[in-house]
$ cat structure_8.txt   # compact mmCIF, C-alpha atoms and all ligand atoms
# COMPACT_ATOMS: atom_id res chain seq x y z
CA MET A 219 4.18 -1.83 16.82
CA ASN A 220 3.33 -3.20 13.36
CA TYR A 221 5.55 -0.63 11.70
CA LYS A 222 9.14 -1.97 12.05
CA PRO A 223 11.41 0.74 10.66
CA LEU A 224 14.50 -0.76 12.35
CA LEU A 225 13.92 -4.38 11.35
CA GLY A 226 17.27 -6.18 11.01
CA LYS A 227 19.28 -3.21 12.33
CA ASN A 228 21.93 -3.79 14.99
CA ALA A 229 22.01 -1.23 17.83
CA LEU A 230 24.49 -0.52 20.63
CA VAL A 231 22.97 1.29 23.62
CA PHE A 232 25.09 2.83 26.40
CA GLY A 233 23.61 4.38 29.55
CA VAL A 234 20.96 2.01 30.93
CA ALA A 235 21.12 2.03 34.75
CA ASN A 236 17.48 1.32 35.65
CA LYS A 237 13.93 1.46 34.28
CA TRP A 238 13.88 5.27 34.53
CA SER A 239 16.98 5.74 32.36
CA ILE A 240 16.31 7.61 29.11
CA ALA A 241 18.54 4.97 27.44
CA TRP A 242 16.10 2.25 28.55
CA ALA A 243 13.15 4.08 26.96
CA VAL A 244 15.16 4.32 23.72
CA ALA A 245 16.33 0.68 23.92
CA LYS A 246 12.72 -0.54 24.33
CA THR A 247 11.48 1.61 21.44
CA TRP A 248 14.30 0.59 19.09
CA HIS A 249 13.76 -3.08 20.02
CA GLU A 250 10.02 -2.81 19.43
CA ALA A 251 10.82 -1.25 16.04
CA GLY A 252 12.77 -4.39 15.12
CA ALA A 253 16.37 -3.65 16.19
CA ASN A 254 18.71 -6.28 17.65
CA LEU A 255 20.23 -4.83 20.83
CA ILE A 256 23.47 -4.86 22.78
CA VAL A 257 23.46 -2.79 25.97
CA GLY A 258 26.76 -1.63 27.50
CA TYR A 259 26.43 -1.06 31.25
CA GLN A 260 28.72 0.61 33.79
CA GLY A 261 30.40 -2.21 35.69
CA GLU A 262 29.44 -5.34 37.62
CA ARG A 263 27.01 -3.49 39.93
CA LEU A 264 24.60 -2.94 37.02
CA LYS A 265 24.89 -6.44 35.47
CA LYS A 266 21.88 -7.96 37.26
CA PRO A 267 19.51 -4.98 36.99
CA VAL A 268 20.28 -4.49 33.28
CA GLU A 269 19.92 -8.22 32.52
CA ALA A 270 16.61 -8.20 34.42
CA LEU A 271 15.36 -5.33 32.26
CA LEU A 272 16.41 -7.11 29.06
CA SER A 273 14.61 -10.25 30.20
CA GLU A 274 11.34 -8.24 30.07
CA LEU A 275 11.77 -7.76 26.31
CA PRO A 276 10.32 -10.29 23.86
CA PRO A 277 13.06 -12.84 22.95
CA SER A 278 13.04 -11.75 19.32
CA PRO A 279 14.81 -9.67 18.13
CA PRO A 280 17.71 -10.78 20.37
CA SER A 281 19.24 -8.57 23.09
CA PHE A 282 22.52 -8.89 25.00
CA ALA A 283 24.37 -6.95 27.71
CA PHE A 284 28.10 -6.52 28.38
CA PRO A 285 30.03 -4.32 30.79
CA CYS A 286 31.47 -1.06 29.48
CA ASP A 287 32.78 1.44 32.00
CA VAL A 288 33.74 4.27 29.66
CA SER A 289 36.48 5.53 32.01
CA ASN A 290 38.40 2.33 31.22
CA GLU A 291 39.89 2.18 27.70
CA GLN A 292 40.48 -1.57 28.04
CA GLU A 293 36.83 -2.18 28.94
CA ILE A 294 35.68 -0.22 25.86
CA LYS A 295 37.92 -2.43 23.68
CA SER A 296 36.71 -5.62 25.34
CA PHE A 297 33.05 -4.51 24.98
CA PHE A 298 33.52 -4.06 21.23
CA SER A 299 35.36 -7.37 20.83
CA GLN A 300 32.40 -9.13 22.51
CA ALA A 301 29.86 -7.10 20.52
CA VAL A 302 31.33 -8.05 17.11
CA LYS A 303 30.85 -11.72 17.94
CA HIS A 304 27.09 -11.07 17.87
CA PHE A 305 26.94 -8.16 15.41
CA PRO A 306 29.52 -8.30 12.59
CA LYS A 307 28.24 -4.83 11.63
CA ILE A 308 26.26 -2.14 13.46
CA ASP A 309 23.72 0.44 12.31
CA LEU A 310 22.86 2.44 15.44
CA LEU A 311 24.64 3.72 18.56
CA LEU A 312 23.11 5.57 21.51
CA HIS A 313 25.37 7.36 24.03
CA SER A 314 23.26 8.33 27.03
CA ILE A 315 26.00 8.83 29.61
CA ALA A 316 26.90 11.76 31.87
CA PHE A 317 28.66 12.20 35.17
CA ALA A 318 29.95 15.07 37.33
CA PRO A 319 31.44 14.63 40.81
CA LYS A 320 29.00 15.65 43.56
CA GLU A 321 31.32 18.39 44.88
CA ALA A 322 31.47 20.02 41.44
CA LEU A 323 27.65 20.24 41.39
CA GLU A 324 27.55 21.73 44.90
CA LYS A 325 30.27 24.40 44.68
CA ASN A 326 30.12 27.62 42.66
CA PHE A 327 31.01 26.94 39.02
CA TYR A 328 34.18 29.07 39.29
CA GLU A 329 35.38 26.80 42.13
CA THR A 330 35.41 23.66 39.91
CA THR A 331 38.70 21.84 40.51
CA ARG A 332 40.96 20.65 37.68
CA GLU A 333 40.29 17.06 38.75
CA ASP A 334 36.49 17.44 38.75
CA PHE A 335 36.57 19.30 35.42
CA LEU A 336 38.61 16.52 33.79
CA LYS A 337 36.43 13.74 35.26
CA THR A 338 33.21 15.41 34.08
CA PHE A 339 34.56 15.94 30.56
CA GLU A 340 36.09 12.46 30.41
CA ILE A 341 32.81 10.67 31.17
CA SER A 342 30.30 13.09 29.65
CA VAL A 343 32.15 14.16 26.48
CA TYR A 344 35.30 12.17 25.69
CA SER A 345 33.43 8.86 26.07
CA PHE A 346 31.18 9.90 23.18
CA ILE A 347 34.17 10.40 20.89
CA ALA A 348 35.81 7.17 22.12
CA LEU A 349 32.68 5.05 21.50
CA ALA A 350 32.03 6.66 18.10
CA ARG A 351 35.65 5.98 17.05
CA GLU A 352 35.52 2.36 18.19
CA ALA A 353 32.21 1.85 16.36
CA LYS A 354 33.18 3.66 13.12
CA THR A 355 34.54 0.70 11.16
CA LEU A 356 31.54 -1.44 12.15
CA PHE A 357 29.08 0.90 10.41
CA ARG A 358 29.36 -0.92 7.06
CA ASP A 359 26.21 0.56 5.44
CA GLY A 360 26.16 3.98 7.11
CA GLY A 361 24.10 4.48 10.26
CA SER A 362 23.03 6.79 13.03
CA ILE A 363 24.82 7.85 16.23
CA LEU A 364 22.92 9.69 18.96
CA THR A 365 23.79 11.36 22.23
CA LEU A 366 21.78 13.17 24.91
CA SER A 367 22.34 16.84 25.65
CA TYR A 368 20.61 19.52 27.70
CA TYR A 369 19.69 23.22 27.35
CA GLY A 370 22.33 24.11 30.01
CA SER A 371 24.80 23.90 27.08
CA GLU A 372 23.38 27.14 25.68
CA LYS A 373 21.94 29.08 28.61
CA VAL A 374 22.84 29.31 32.28
CA ILE A 375 20.80 26.88 34.36
CA SER A 376 22.25 27.89 37.71
CA ASN A 377 22.53 24.47 39.40
CA TYR A 378 23.78 22.67 36.28
CA LYS A 379 27.32 24.06 36.87
CA ILE A 380 30.16 22.13 35.13
CA MET A 381 27.65 20.02 33.19
CA GLY A 382 26.76 23.16 31.15
CA PRO A 383 30.20 23.52 29.51
CA ALA A 384 30.36 19.71 29.20
CA LYS A 385 27.12 19.66 27.20
CA SER A 386 28.39 22.58 25.02
CA ALA A 387 31.48 20.49 24.23
CA LEU A 388 29.30 17.43 23.60
CA GLU A 389 27.13 19.33 21.08
CA SER A 390 30.25 20.68 19.37
CA SER A 391 31.63 17.12 19.22
CA VAL A 392 28.37 16.06 17.53
CA ARG A 393 29.07 18.61 14.76
CA TYR A 394 32.74 17.62 14.30
CA LEU A 395 31.94 13.90 14.24
CA ALA A 396 29.04 14.50 11.82
CA TYR A 397 31.45 16.38 9.54
CA GLU A 398 34.11 13.66 9.56
CA PHE A 399 31.74 10.65 9.46
CA GLY A 400 29.40 12.08 6.80
CA LYS A 401 31.29 10.66 3.81
CA ASP A 402 30.60 7.16 5.19
CA GLN A 403 26.88 8.02 5.52
CA ILE A 404 27.13 7.85 9.32
CA ARG A 405 24.89 10.53 10.81
CA VAL A 406 25.55 12.03 14.25
CA ASN A 407 22.94 13.96 16.23
CA ALA A 408 22.00 14.98 19.78
CA VAL A 409 18.57 14.92 21.38
CA SER A 410 18.10 17.57 24.08
CA PRO A 411 15.19 16.75 26.40
CA GLY A 412 13.63 18.91 29.07
CA PRO A 413 13.99 17.67 32.66
CA ILE A 414 12.98 14.05 33.34
CA ASN A 415 13.06 12.45 36.79
CA THR A 416 16.00 10.02 36.56
CA LEU A 417 18.93 9.06 38.78
CA ALA A 418 21.35 11.44 37.02
CA ALA A 419 18.85 14.32 37.13
CA ARG A 420 18.28 13.91 40.87
CA GLY A 421 21.99 14.73 41.36
CA ILE A 422 21.23 18.33 40.34
CA SER A 423 20.12 20.31 43.38
CA GLY A 424 16.67 21.92 43.15
CA PHE A 425 15.72 19.47 40.37
CA THR A 426 12.16 18.88 41.63
CA LYS A 427 11.50 22.62 41.78
CA PHE A 428 12.89 22.97 38.28
CA LEU A 429 10.58 20.21 36.99
CA LYS A 430 7.62 22.18 38.37
CA GLU A 431 8.86 25.42 36.80
CA CYS A 432 9.26 23.79 33.38
CA GLU A 433 5.79 22.30 33.65
CA THR A 434 4.30 25.71 34.43
CA LYS A 435 6.27 27.78 31.91
CA SER A 436 6.65 25.47 28.89
CA PRO A 437 4.39 26.36 25.95
CA LEU A 438 2.86 22.86 26.20
CA LYS A 439 2.32 23.30 30.01
CA ARG A 440 3.79 19.92 30.89
CA ASN A 441 7.08 18.08 31.14
CA VAL A 442 8.43 15.74 28.49
CA GLU A 443 8.33 11.96 29.09
CA ALA A 444 11.21 9.57 28.38
CA LYS A 445 9.07 7.70 25.85
CA GLU A 446 8.65 10.95 23.88
CA VAL A 447 12.44 11.32 23.76
CA ALA A 448 12.55 7.72 22.56
CA SER A 449 10.11 8.55 19.72
CA VAL A 450 12.51 11.22 18.47
CA ALA A 451 15.42 8.78 18.87
CA LEU A 452 13.43 6.32 16.71
CA PHE A 453 12.97 8.97 14.02
CA LEU A 454 16.69 9.85 14.13
CA ALA A 455 17.59 6.15 13.91
CA SER A 456 15.32 5.51 10.95
CA ASP A 457 15.71 6.35 7.26
CA GLU A 458 13.01 9.00 7.67
CA SER A 459 15.74 11.31 9.06
CA ARG A 460 18.35 10.37 6.42
CA ALA A 461 19.22 14.00 5.56
CA ILE A 462 19.66 15.15 9.19
CA THR A 463 23.13 15.21 10.73
CA GLY A 464 25.14 17.36 13.15
CA GLN A 465 22.01 18.69 14.87
CA THR A 466 20.84 19.13 18.46
CA ILE A 467 17.09 18.59 18.55
CA TYR A 468 15.11 19.92 21.51
CA VAL A 469 12.38 17.68 22.90
CA ASP A 470 11.33 19.90 25.79
CA CYS A 471 7.68 20.88 25.34
CA GLY A 472 8.99 24.16 23.91
CA TYR A 473 10.78 25.47 27.05
CA SER A 474 13.92 26.45 25.09
CA ILE A 475 12.09 29.02 22.95
CA LEU A 476 11.34 31.20 25.97
CA GLY A 477 13.20 34.45 26.57
CA PHE A 478 12.12 34.95 30.18
P1 LIG B 501 20.65 7.87 34.21
O1 LIG B 501 21.28 8.06 35.55
O2 LIG B 501 19.61 6.85 34.09
O3 LIG B 501 21.75 7.64 33.08
C1 LIG B 501 23.09 8.06 33.20
C2 LIG B 501 23.91 6.88 32.74
O4 LIG B 501 25.30 7.22 32.70
C3 LIG B 501 23.79 5.68 33.71
O5 LIG B 501 23.36 4.54 33.01
C4 LIG B 501 25.21 5.46 34.20
O6 LIG B 501 25.52 4.11 34.45
C5 LIG B 501 25.99 6.02 33.01
N1 LIG B 501 27.38 6.27 33.35
C6 LIG B 501 27.89 7.20 34.21
N2 LIG B 501 29.23 7.03 34.31
C7 LIG B 501 29.57 6.00 33.48
C8 LIG B 501 30.78 5.32 33.16
N3 LIG B 501 31.95 5.66 33.74
N4 LIG B 501 30.74 4.29 32.28
C9 LIG B 501 29.58 3.92 31.70
N5 LIG B 501 28.39 4.50 31.98
C10 LIG B 501 28.40 5.53 32.85
O7 LIG B 501 20.07 9.33 33.84
P2 LIG B 501 19.48 9.90 32.46
O8 LIG B 501 18.73 11.12 32.85
O9 LIG B 501 18.80 8.83 31.70
O10 LIG B 501 20.79 10.40 31.71
C11 LIG B 501 21.10 10.00 30.39
C12 LIG B 501 21.59 11.19 29.58
O11 LIG B 501 20.51 12.10 29.39
C13 LIG B 501 22.72 11.99 30.22
O12 LIG B 501 23.63 12.39 29.20
C14 LIG B 501 21.99 13.21 30.75
O13 LIG B 501 22.84 14.35 30.87
C15 LIG B 501 20.98 13.40 29.63
N6 LIG B 501 19.85 14.28 29.96
C16 LIG B 501 19.05 13.99 31.02
C17 LIG B 501 18.00 14.85 31.32
C18 LIG B 501 17.11 14.58 32.51
O14 LIG B 501 16.44 15.53 32.96
N7 LIG B 501 17.06 13.35 33.02
C19 LIG B 501 17.75 15.98 30.53
C20 LIG B 501 18.59 16.23 29.45
C21 LIG B 501 19.64 15.37 29.17
$ encode --input "structure_8.txt" --output "structure tokens"
Amino acid sequence: MNYKPLLGKNALVFGVANKWSIAWAVAKTWHEAGANLIVGYQGERLKKPVEALLSELPPSPPSFAFPCDVSNEQEIKSFFSQAVKHFPKIDLLLHSIAFAPKEALEKNFYETTREDFLKTFEISVYSFIALAREAKTLFRDGGSILTLSYYGSEKVISNYKIMGPAKSALESSVRYLAYEFGKDQIRVNAVSPGPINTLAARGISGFTKFLKECETKSPLKRNVEAKEVASVALFLASDESRAITGQTIYVDCGYSILGF
């Protein structure tokens, strides 16, 4: 890419697990556009795979990886104290994290237990607020915060279960954070892709059938690719989107416009 809209920008990326992760597609695109990267990964188990992915990137701009299990407040703090040693200020943050216990995705929605509800909301929603809060004072010249949502926030996608209300709360959190962070020129938006074959998506039963259905029914007659989500994340990270905040932007080959 000769066009480097993110040259000199510092980006924190959360949610890379493997090469299929949407966060990895965004990290690669932001890096190619000139951004310096720090990736926060979920615990020791992901250290080697994430470092191996980063080693595939050109050495410049620099990229680093540190653990950040978002269920652990102490680990969030220690991630940020390591991050500031490399980046005294940040410009971009991607939150691409979701989790629901397996049982909660298998039972009827009305059977969701208190424990499973709280776990799902802790990892999939609260972590977004916690990371944004921790990052806030590091956005010295404004910046852009992004998260990943899904259409199940708005409409019933039968197997999405507890993740539906979690994504509704996530999109609402985007609006409240955008409102409160706006005066510091920090923009907050969500990207809402159609189904993409990743580890998290394969936890939703009937996912493969759903992929096929979206391909057949979408106005564009195909499924979205992670790199197309990354292109929108690049736009939302760049100055080209400087007047956009508080929005959820569908990147789903048009599926969400359908009424049948
Ligand atoms: P993925 O499995 O690659 O990514 C999920 C990430 O969440 C992983 O990196 C995992 O390590 C991280 N995570 C889970 N619990 C964590 C914790 N306690 N601490 C830190 N990290 C934790 O799958 P993905 O599809 O790339 O998912 C990324 C985001 O995209 C999610 O928010 C998902 O809901 C959203 N999304 C995915 C699709 C899809 O079809 N794949 C569609 C719309 C939205």
$ residues_near_ligand --input "structure_8.txt" --ligand "ligand LIG 501 (chain B)" --cutoff "7 Å" --atoms "all atoms listed in the file" --output "PyMOL selection string"
chain A and resi 232-236+238-241+259-260+286-289+314-317+341-342+366-368+410-419
$ atom_distance --input "structure_8.txt" --atom1 "atom CA of Val392 of chain A" --atom2 "atom CA of Val450 of chain A"
16.6 Å
$ atom_distance --input "structure_8.txt" --atom1 "atom CA of Pro285 of chain A" --atom2 "atom CA of Ser386 of chain A"
27.6 Å
$ residues_around --input "structure_8.txt" --residues "Gly361 of chain A" --least-positions-apart "6" --cutoff "8 Å" --atoms "all atoms listed in the file" --output "PDB file with C-alpha atoms, keeping the file's coordinate frame"
ATOM      1  CA  ILE A 308      26.260  -2.140  13.460  1.00  0.00           C
ATOM      2  CA  ASP A 309      23.720   0.440  12.310  1.00  0.00           C
ATOM      3  CA  LEU A 310      22.860   2.440  15.440  1.00  0.00           C
ATOM      4  CA  GLN A 403      26.880   8.020   5.520  1.00  0.00           C
ATOM      5  CA  ILE A 404      27.130   7.850   9.320  1.00  0.00           C
ATOM      6  CA  ARG A 405      24.890  10.530  10.810  1.00  0.00           C
ATOM      7  CA  ALA A 455      17.590   6.150  13.910  1.00  0.00           C
TER       8      ALA A 455
END
$ axis_aligned_box --input "structure_8.txt" --around "segment 325-332 of chain A" --padding-each-side "3 Å" --output "AutoDock Vina command-line options"
--center_x 35.5 --center_y 24.9 --center_z 41.2 --size_x 16.8 --size_y 14.4 --size_z 13.0
$ atom_distance --input "structure_8.txt" --atom1 "atom CA of Glu431 of chain A" --atom2 "atom CA of Gly472 of chain A"
13.0 Å
$ closest_residue --input "structure_8.txt" --among "A:Gly421, A:Pro279, A:Gly226, A:Gly477" --to "Glu321 of chain A" --atoms "all atoms listed in the file"
A:Gly421
$ residues_near_point --input "structure_8.txt" --point "(12.8, -6.5, 16.3)" --cutoff "12 Å" --atoms "only C-alpha atoms" --output "list of chain:residue names"
A:Met219, A:Asn220, A:Tyr221, A:Lys222, A:Pro223, A:Leu224, A:Leu225, A:Gly226, A:Lys227, A:Asn228, A:Ala229, A:Ala245, A:Lys246, A:Thr247, A:Trp248, A:His249, A:Glu250, A:Ala251, A:Gly252, A:Ala253, A:Asn254, A:Leu255, A:Leu275, A:Pro276, A:Pro277, A:Ser278, A:Pro279, A:Pro280, A:Ser281
